[in-house]
Every structure is written in structure tokens, then in C-alpha cells.
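*Asks:* One file is attached below, start04.cif, containing mmCIF, C-alpha atoms.
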data_start
loop_
_atom_site.group_PDB
_atom_site.id
_atom_site.type_symbol
_atom_site.label_atom_id
_atom_site.label_comp_id
_atom_site.auth_asym_id
_atom_site.auth_seq_id
_atom_site.Cartn_x
_atom_site.Cartn_y
_atom_site.Cartn_z
ATOM 1 C CA MET A 29 8.318 19.057 12.635
ATOM 2 C CA SER A 30 11.115 19.027 15.171
ATOM 3 C CA GLY A 31 13.916 16.592 14.207
ATOM 4 C CA ASP A 32 13.119 13.178 12.770
ATOM 5 C CA ARG A 33 10.357 12.332 15.236
ATOM 6 C CA PRO A 34 7.049 14.151 15.320
ATOM 7 C CA SER A 35 6.097 15.480 18.740
ATOM 8 C CA ALA A 36 2.952 14.319 20.496
ATOM 9 C CA GLN A 37 1.306 17.593 19.475
ATOM 10 C CA GLU A 38 2.352 17.130 15.827
ATOM 11 C CA LEU A 39 0.974 13.591 15.821
ATOM 12 C CA GLU A 40 -2.328 14.777 17.293
ATOM 13 C CA ALA A 41 -2.507 17.576 14.710
ATOM 14 C CA ALA A 42 -1.898 15.046 11.897
ATOM 15 C CA SER A 43 -5.315 13.428 12.391
ATOM 16 C CA GLY A 44 -7.163 13.958 9.127
ATOM 17 C CA ALA A 45 -4.054 15.085 7.225
ATOM 18 C CA VAL A 46 -3.748 14.001 3.604
ATOM 19 C CA ILE A 47 -0.437 13.069 1.990
ATOM 20 C CA GLY A 48 0.222 13.017 -1.728
ATOM 21 C CA ASP A 49 0.343 9.890 -3.831
ATOM 22 C CA VAL A 50 3.592 8.619 -5.294
ATOM 23 C CA LEU A 51 2.153 8.105 -8.747
ATOM 24 C CA ALA A 52 3.034 8.238 -12.438
ATOM 25 C CA PRO A 53 1.536 6.697 -15.579
ATOM 26 C CA ASP A 54 2.186 3.067 -16.514
ATOM 27 C CA LEU A 55 3.748 1.796 -13.289
ATOM 28 C CA LYS A 56 4.464 -1.897 -12.805
ATOM 29 C CA VAL A 57 2.905 -1.927 -9.325
ATOM 30 C CA LEU A 58 0.813 0.610 -7.456
ATOM 31 C CA PHE A 59 0.898 -0.304 -3.764
ATOM 32 C CA CYS A 60 -2.326 0.760 -2.075
ATOM 33 C CA GLY A 61 -2.275 1.199 1.675
ATOM 34 C CA ILE A 62 -5.374 1.401 3.820
ATOM 35 C CA ASN A 63 -4.805 4.992 4.943
ATOM 36 C CA PRO A 64 -1.906 7.017 6.348
ATOM 37 C CA GLY A 65 -1.138 6.682 10.020
ATOM 38 C CA LEU A 66 -0.555 9.757 12.147
ATOM 39 C CA TRP A 67 3.224 9.467 11.751
ATOM 40 C CA SER A 68 2.803 9.541 7.959
ATOM 41 C CA GLY A 69 0.348 12.415 8.261
ATOM 42 C CA ALA A 70 2.855 14.390 10.329
ATOM 43 C CA THR A 71 5.862 13.676 8.088
ATOM 44 C CA GLY A 72 4.163 13.594 4.680
ATOM 45 C CA PHE A 73 5.702 10.197 3.829
ATOM 46 C CA HIS A 74 3.967 6.855 3.311
ATOM 47 C CA PHE A 75 4.629 3.981 5.737
ATOM 48 C CA ALA A 76 6.749 6.372 7.832
ATOM 49 C CA ARG A 77 6.213 5.051 11.349
ATOM 50 C CA PRO A 78 9.252 3.266 12.763
ATOM 51 C CA GLY A 79 8.286 -0.368 13.087
ATOM 52 C CA ASN A 80 6.329 -0.410 9.839
ATOM 53 C CA ARG A 81 7.952 -3.089 7.734
ATOM 54 C CA PHE A 82 6.946 -1.853 4.276
ATOM 55 C CA TRP A 83 10.334 -0.392 3.312
ATOM 56 C CA PRO A 84 12.486 -3.299 4.579
ATOM 57 C CA VAL A 85 10.116 -5.868 3.038
ATOM 58 C CA LEU A 86 10.089 -4.021 -0.287
ATOM 59 C CA HIS A 87 13.859 -4.421 -0.381
ATOM 60 C CA VAL A 88 14.104 -8.010 0.883
ATOM 61 C CA SER A 89 11.446 -9.137 -1.624
ATOM 62 C CA GLY A 90 13.475 -7.685 -4.493
ATOM 63 C CA PHE A 91 11.417 -4.641 -5.435
ATOM 64 C CA THR A 92 14.160 -2.155 -4.477
ATOM 65 C CA PRO A 93 17.951 -2.538 -4.706
ATOM 66 C CA ARG A 94 18.359 -1.233 -1.145
ATOM 67 C CA GLU A 95 16.133 -0.350 1.767
ATOM 68 C CA LEU A 96 14.710 3.080 1.108
ATOM 69 C CA ALA A 97 13.772 5.511 3.855
ATOM 70 C CA PRO A 98 10.235 6.901 3.746
ATOM 71 C CA ALA A 99 11.685 10.308 2.760
ATOM 72 C CA GLU A 100 13.058 8.630 -0.391
ATOM 73 C CA GLN A 101 9.615 7.462 -1.535
ATOM 74 C CA SER A 102 9.803 9.396 -4.822
ATOM 75 C CA GLU A 103 12.668 7.084 -5.912
ATOM 76 C CA LEU A 104 10.059 4.348 -6.332
ATOM 77 C CA LEU A 105 8.787 5.979 -9.512
ATOM 78 C CA GLY A 106 12.075 5.273 -11.303
ATOM 79 C CA MET A 107 11.616 1.595 -10.396
ATOM 80 C CA GLY A 108 8.090 1.472 -11.817
ATOM 81 C CA LEU A 109 6.466 1.505 -8.369
ATOM 82 C CA GLY A 110 4.034 3.861 -6.672
ATOM 83 C CA ILE A 111 1.961 4.320 -3.526
ATOM 84 C CA THR A 112 -1.584 5.470 -2.844
ATOM 85 C CA ASN A 113 -4.207 4.749 -0.182
ATOM 86 C CA LEU A 114 -7.814 3.578 -0.122
ATOM 87 C CA VAL A 115 -8.672 6.415 2.255
ATOM 88 C CA ALA A 116 -6.636 9.610 2.074
ATOM 89 C CA ARG A 117 -7.112 10.904 5.625
ATOM 90 C CA ALA A 118 -4.627 10.026 8.358
ATOM 91 C CA SER A 119 -5.855 8.315 11.511
ATOM 92 C CA ALA A 120 -4.332 6.604 14.530
ATOM 93 C CA LYS A 121 -5.735 3.211 13.470
ATOM 94 C CA ALA A 122 -7.329 1.810 10.328
ATOM 95 C CA ALA A 123 -10.181 0.598 12.556
ATOM 96 C CA GLU A 124 -11.300 4.254 12.750
ATOM 97 C CA LEU A 125 -12.382 4.104 9.097
ATOM 98 C CA SER A 126 -15.978 3.351 8.191
ATOM 99 C CA GLU A 127 -17.020 0.802 5.588
ATOM 100 C CA GLU A 128 -18.537 3.710 3.637
ATOM 101 C CA GLU A 129 -15.137 5.434 3.520
ATOM 102 C CA LEU A 130 -13.489 2.224 2.332
ATOM 103 C CA ARG A 131 -16.115 1.666 -0.383
ATOM 104 C CA ALA A 132 -15.767 5.283 -1.542
ATOM 105 C CA GLY A 133 -12.000 4.762 -1.541
ATOM 106 C CA ALA A 134 -12.416 1.725 -3.796
ATOM 107 C CA GLN A 135 -14.323 3.854 -6.313
ATOM 108 C CA ALA A 136 -11.677 6.581 -6.187
ATOM 109 C CA LEU A 137 -8.933 3.975 -6.611
ATOM 110 C CA GLU A 138 -10.676 2.557 -9.682
ATOM 111 C CA ALA A 139 -10.765 6.010 -11.300
ATOM 112 C CA LYS A 140 -7.124 6.647 -10.413
ATOM 113 C CA VAL A 141 -6.049 3.309 -11.869
ATOM 114 C CA GLN A 142 -8.026 3.900 -15.065
ATOM 115 C CA SER A 143 -6.232 7.212 -15.472
ATOM 116 C CA TYR A 144 -2.676 6.098 -14.579
ATOM 117 C CA ARG A 145 -2.829 2.496 -15.912
ATOM 118 C CA PRO A 146 -0.498 0.525 -13.606
ATOM 119 C CA GLN A 147 -0.097 -3.164 -14.462
ATOM 120 C CA TRP A 148 -0.873 -4.282 -10.899
ATOM 121 C CA VAL A 149 -2.596 -2.819 -7.850
ATOM 122 C CA ALA A 150 -1.283 -4.382 -4.647
ATOM 123 C CA VAL A 151 -3.624 -3.688 -1.737
ATOM 124 C CA VAL A 152 -1.827 -4.046 1.599
ATOM 125 C CA GLY A 153 -4.451 -5.111 4.098
ATOM 126 C CA ILE A 154 -6.909 -7.920 3.477
ATOM 127 C CA THR A 155 -9.610 -6.765 5.883
ATOM 128 C CA ALA A 156 -9.752 -3.342 4.246
ATOM 129 C CA TYR A 157 -9.712 -4.941 0.779
ATOM 130 C CA ARG A 158 -12.624 -7.205 1.686
ATOM 131 C CA ALA A 159 -14.676 -4.273 3.022
ATOM 132 C CA ALA A 160 -13.789 -1.842 0.219
ATOM 133 C CA PHE A 161 -14.504 -4.241 -2.644
ATOM 134 C CA GLY A 162 -17.213 -6.429 -1.103
ATOM 135 C CA ALA A 163 -14.938 -9.456 -1.413
ATOM 136 C CA LYS A 164 -15.754 -11.187 1.862
ATOM 137 C CA ARG A 165 -13.932 -14.418 0.937
ATOM 138 C CA ALA A 166 -10.801 -12.862 -0.593
ATOM 139 C CA THR A 167 -7.480 -14.464 0.319
ATOM 140 C CA PHE A 168 -3.935 -13.205 -0.061
ATOM 141 C CA GLY A 169 -2.331 -13.232 -3.481
ATOM 142 C CA LYS A 170 -3.602 -12.715 -7.023
ATOM 143 C CA GLN A 171 -7.311 -11.950 -7.230
ATOM 144 C CA ASP A 172 -9.808 -13.018 -9.885
ATOM 145 C CA ARG A 173 -10.745 -9.410 -10.637
ATOM 146 C CA THR A 174 -9.243 -6.239 -11.977
ATOM 147 C CA ILE A 175 -9.368 -2.656 -10.786
ATOM 148 C CA GLY A 176 -9.507 -0.172 -13.633
ATOM 149 C CA GLY A 177 -7.981 -2.785 -15.948
ATOM 150 C CA ALA A 178 -5.056 -3.600 -13.643
ATOM 151 C CA GLY A 179 -4.467 -6.961 -12.018
ATOM 152 C CA VAL A 180 -5.123 -7.089 -8.278
ATOM 153 C CA TRP A 181 -2.898 -8.643 -5.624
ATOM 154 C CA VAL A 182 -3.713 -8.591 -1.913
ATOM 155 C CA LEU A 183 -0.794 -8.451 0.518
ATOM 156 C CA PRO A 184 -0.657 -8.511 4.316
ATOM 157 C CA ASN A 185 -0.505 -5.166 6.067
ATOM 158 C CA PRO A 186 3.175 -4.464 6.938
ATOM 159 C CA SER A 187 2.273 -2.439 10.027
ATOM 160 C CA GLY A 188 4.149 -3.406 13.153
ATOM 161 C CA LEU A 189 0.690 -3.834 14.726
ATOM 162 C CA ASN A 190 0.162 -6.832 12.413
ATOM 163 C CA ALA A 191 2.443 -8.929 14.620
ATOM 164 C CA HIS A 192 1.355 -12.389 13.443
ATOM 165 C CA TRP A 193 3.205 -11.678 10.158
ATOM 166 C CA SER A 194 6.985 -11.715 10.572
ATOM 167 C CA ALA A 195 9.274 -9.733 8.299
ATOM 168 C CA ALA A 196 10.241 -13.007 6.604
ATOM 169 C CA THR A 197 6.661 -14.109 5.921
ATOM 170 C CA LEU A 198 5.767 -10.611 4.698
ATOM 171 C CA ALA A 199 8.772 -10.661 2.353
ATOM 172 C CA ALA A 200 7.689 -14.055 1.011
ATOM 173 C CA GLU A 201 4.206 -12.697 0.205
ATOM 174 C CA PHE A 202 5.618 -9.557 -1.438
ATOM 175 C CA GLY A 203 8.116 -11.793 -3.259
ATOM 176 C CA GLN A 204 5.310 -13.753 -4.911
ATOM 177 C CA LEU A 205 4.015 -10.521 -6.432
ATOM 178 C CA ARG A 206 7.550 -9.583 -7.465
ATOM 179 C CA GLN A 207 7.925 -12.944 -9.254
ATOM 180 C CA ALA A 208 4.629 -12.390 -11.103
ATOM 181 C CA VAL A 209 5.757 -8.905 -12.164
ATOM 182 C CA MET A 210 9.139 -10.186 -13.354
ATOM 183 C CA ALA A 211 7.552 -13.125 -15.192
ATOM 184 C CA GLY A 212 5.205 -10.724 -16.932
ATOM 185 C CA ASP A 213 2.169 -12.664 -15.732
ATOM 186 C CA GLU A 214 -0.946 -11.591 -17.539
ATOM 187 C CA CYS A 215 -2.831 -9.221 -15.312
ATOM 188 C CA ARG A 216 -5.046 -7.131 -17.604
ATOM 189 C CA CYS A 217 -8.503 -8.268 -18.613
ATOM 190 C CA GLY A 218 -9.301 -5.734 -21.283
#
How does this structure look as C-alpha cells?
*Replies:*
Amino acid sequence: MSGDRPSAQELEAASGAVIGDVLAPDLKVLFCGINPGLWSGATGFHFARPGNRFWPVLHVSGFTPRELAPAEQSELLGMGLGITNLVARASAKAAELSEEELRAGAQALEAKVQSYRPQWVAVVGITAYRAAFGAKRATFGKQDRTIGGAGVWVLPNPSGLNAHWSAATLAAEFGQLRQAVMAGDECRCG
């Protein structure tokens, strides 16, 4: 990659790329994106596209002591946080994913969570959550289900394309999860 910005050719070549999870056993929260965008596919870092509000919102909501850059994603592990995706392959838009891919991603996520045992899984993207888990009426916030024994929280997608959510309203939603984590809210069901 040339410099900090992928070229148009590098972005095009990133279609279908897979980036590694930021994952360790017994995390407090495993954030689960829909799938990597092309910018993330080209750089190898989650939520890497400029304009994606994940990193600023993570800080403002109290999860990180400062705003991390995507290239610093491995620092999350020391804070008890991780990142994965429902669908591993990078695409220009989440709308390019099929419902079958999302449902298969839900099954893979369940197995991953059973193995790594985070306390919470925070899915960022309600439409993808609804499709992946057959939860057509799901709303934002704490869910009445578990994934692999972990509590489930649905958050808005922090993509800059999700313009009807401001940085402040995103931070408030992420902050509710942060408060539940800090309060030690019961999230496991056995």
C-alpha cells in the first residue's frame, strides 16, 4: 500500500480480502462488525475507512482512554475488547452480502464465542443482526438471547454512511453498553 491511503487499484483488489480478528479468551466485549469494507481489506485494520466513527465513539463512550487509530487495534486486547465480523470477506457495501452469508456468519460467530468466551457480543448493525439471527423485531440495546453463552447487545453501525446517527448519539448507545459492562450486569445464561 502506498502511504496511508490505499490507491483505487488497491481498493479494487481488496474485494474479498479477509482480515484477522482481534481476539483473545475471556474478553469483556467482542465487537462484531458486519464485514470489512474495502479500505479495511486493503489496510488489514478493522473500521479503517476515514469517516467511520467506531474509533472516536469507542473513546468518547469510555471504552478506551484515548482515540485509537485503526493500526493500533491490537491495543484493544489489553482493555478486554476485541473485534470480529459476521462475514469475513471485504466488500464495498454491506448490502452486497446475502442473507445466507449472514446466517452462516451467525453460526461461525456462535462457535467463536463458545471457544473464546467473551462476556458480551456487541453486534454493530441492526439490519445485519436481524438477518443473521432471524430476529426481525430486534431493537438496539441488550437482547433477550445469548450467543455462545455471551450476552448480546446490538449497536448502530458507526459507518459514515449511517448518517442519521450522529457521533453523539452513537456514543450514547455505546455508552449504555459500557455502563452495563462496568456495572457487571448479568449477561450469561448458562
*Asks:* Could you please determine the separation between atom CA of Asp172 of chain A and atom CA of Val149 of chain A in Å, to one decimal place?
*Replies:*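 The value is 12.7 Å.
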*Asks:* With distances taken over all atoms listed in the file, which residue among A:Tyr157, A:Phe73, A:Trp148, A:Phe91 lies nearest Gly177 of chain A?
*Replies:*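 The shortest atom-to-atom distance to Gly177 of chain A comes from A:Trp148.
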*Asks:* Find the distance between atom CA of Gly176 of chain A and atom CA of Pro84 of chain A and write it in Å to one decimal.
*Replies:*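 So the two atoms, atom CA of Gly176 of chain A and atom CA of Pro84 of chain A, lie 28.7 Å apart.
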*Asks:* Find the residue from A:Thr112, A:Gln147, A:Asn80, A:Gln101 that sits nearest to Val46 of chain A; use all atoms listed in the file when measuring.
*Replies:*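 Using all atoms listed in the file, Val46 of chain A sits closest to A:Thr112.
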*Asks:* Grab the atom CA of Arg158 of chain A to atom CA of Leu105 of chain A distance for me, in Å with one decimal place.
*Replies:* 27.5 Å
*Asks:* Using the chain letters and numbers from the file, which residues does the PyMOL selection byres ((chain A and resi 72) around 12) grab, as an MDAnalysis selection string?
*Replies:* chainID A and resid 29 34 38:39 42 45:50 64:71 73:77 98:102 116:118
*Asks:* Determine the residue membership of the PyMOL selection byres ((chain A and resi 127-131) around 9) for the file above and supply it as a PDB file with C-alpha atoms, keeping the file's coordinate frame.
*Replies:*
ATOM      1  CA  ILE A  62      -5.374   1.401   3.820  1.00  0.00           C
ATOM      2  CA  LEU A 114      -7.814   3.578  -0.122  1.00  0.00           C
ATOM      3  CA  VAL A 115      -8.672   6.415   2.255  1.00  0.00           C
ATOM      4  CA  LEU A 125     -12.382   4.104   9.097  1.00  0.00           C
ATOM      5  CA  SER A 126     -15.978   3.351   8.191  1.00  0.00           C
ATOM      6  CA  ALA A 132     -15.767   5.283  -1.542  1.00  0.00           C
ATOM      7  CA  GLY A 133     -12.000   4.762  -1.541  1.00  0.00           C
ATOM      8  CA  ALA A 134     -12.416   1.725  -3.796  1.00  0.00           C
ATOM      9  CA  GLN A 135     -14.323   3.854  -6.313  1.00  0.00           C
ATOM     10  CA  ALA A 136     -11.677   6.581  -6.187  1.00  0.00           C
ATOM     11  CA  ALA A 156      -9.752  -3.342   4.246  1.00  0.00           C
ATOM     12  CA  TYR A 157      -9.712  -4.941   0.779  1.00  0.00           C
ATOM     13  CA  ALA A 159     -14.676  -4.273   3.022  1.00  0.00           C
ATOM     14  CA  ALA A 160     -13.789  -1.842   0.219  1.00  0.00           C
ATOM     15  CA  PHE A 161     -14.504  -4.241  -2.644  1.00  0.00           C
ATOM     16  CA  GLY A 162     -17.213  -6.429  -1.103  1.00  0.00           C
TER      17      GLY A 162
END
*Asks:* Would you kindly translate the PyMOL selection byres ((chain A and resi 88) around 10) into the concrete residues it picks from this file, as a PDB file with C-alpha atoms, in the frame of the given file?
*Replies:*
ATOM      1  CA  TRP A  83      10.334  -0.392   3.312  1.00  0.00           C
ATOM      2  CA  PRO A  84      12.486  -3.299   4.579  1.00  0.00           C
ATOM      3  CA  VAL A  85      10.116  -5.868   3.038  1.00  0.00           C
ATOM      4  CA  LEU A  86      10.089  -4.021  -0.287  1.00  0.00           C
ATOM      5  CA  HIS A  87      13.859  -4.421  -0.381  1.00  0.00           C
ATOM      6  CA  SER A  89      11.446  -9.137  -1.624  1.00  0.00           C
ATOM      7  CA  GLY A  90      13.475  -7.685  -4.493  1.00  0.00           C
ATOM      8  CA  PHE A  91      11.417  -4.641  -5.435  1.00  0.00           C
ATOM      9  CA  THR A  92      14.160  -2.155  -4.477  1.00  0.00           C
ATOM     10  CA  PRO A  93      17.951  -2.538  -4.706  1.00  0.00           C
ATOM     11  CA  ARG A  94      18.359  -1.233  -1.145  1.00  0.00           C
ATOM     12  CA  GLU A  95      16.133  -0.350   1.767  1.00  0.00           C
ATOM     13  CA  ALA A 195       9.274  -9.733   8.299  1.00  0.00           C
ATOM     14  CA  ALA A 196      10.241 -13.007   6.604  1.00  0.00           C
ATOM     15  CA  LEU A 198       5.767 -10.611   4.698  1.00  0.00           C
ATOM     16  CA  ALA A 199       8.772 -10.661   2.353  1.00  0.00           C
ATOM     17  CA  ALA A 200       7.689 -14.055   1.011  1.00  0.00           C
ATOM     18  CA  PHE A 202       5.618  -9.557  -1.438  1.00  0.00           C
ATOM     19  CA  GLY A 203       8.116 -11.793  -3.259  1.00  0.00           C
TER      20      GLY A 203
END
*Asks:* Hey, can I get the axis-aligned box for segment 36-39 of chain A? All listed atoms, 4 Å padding on each side, centre and edge lengths in Å to one decimal, as AutoDock Vina command-line options.
*Replies:*
--center_x 2.0 --center_y 15.6 --center_z 18.2 --size_x 10.0 --size_y 12.0 --size_z 12.7
*Asks:* List as a ChimeraX atom specification the protein and nucleic acid residues near Asp54 of chain A, meaning an atom at most 8 Å away when only C-alpha atoms are counted, but skip any in the same chain fewer than 6 places from it.
*Replies:* /A:108,144-147
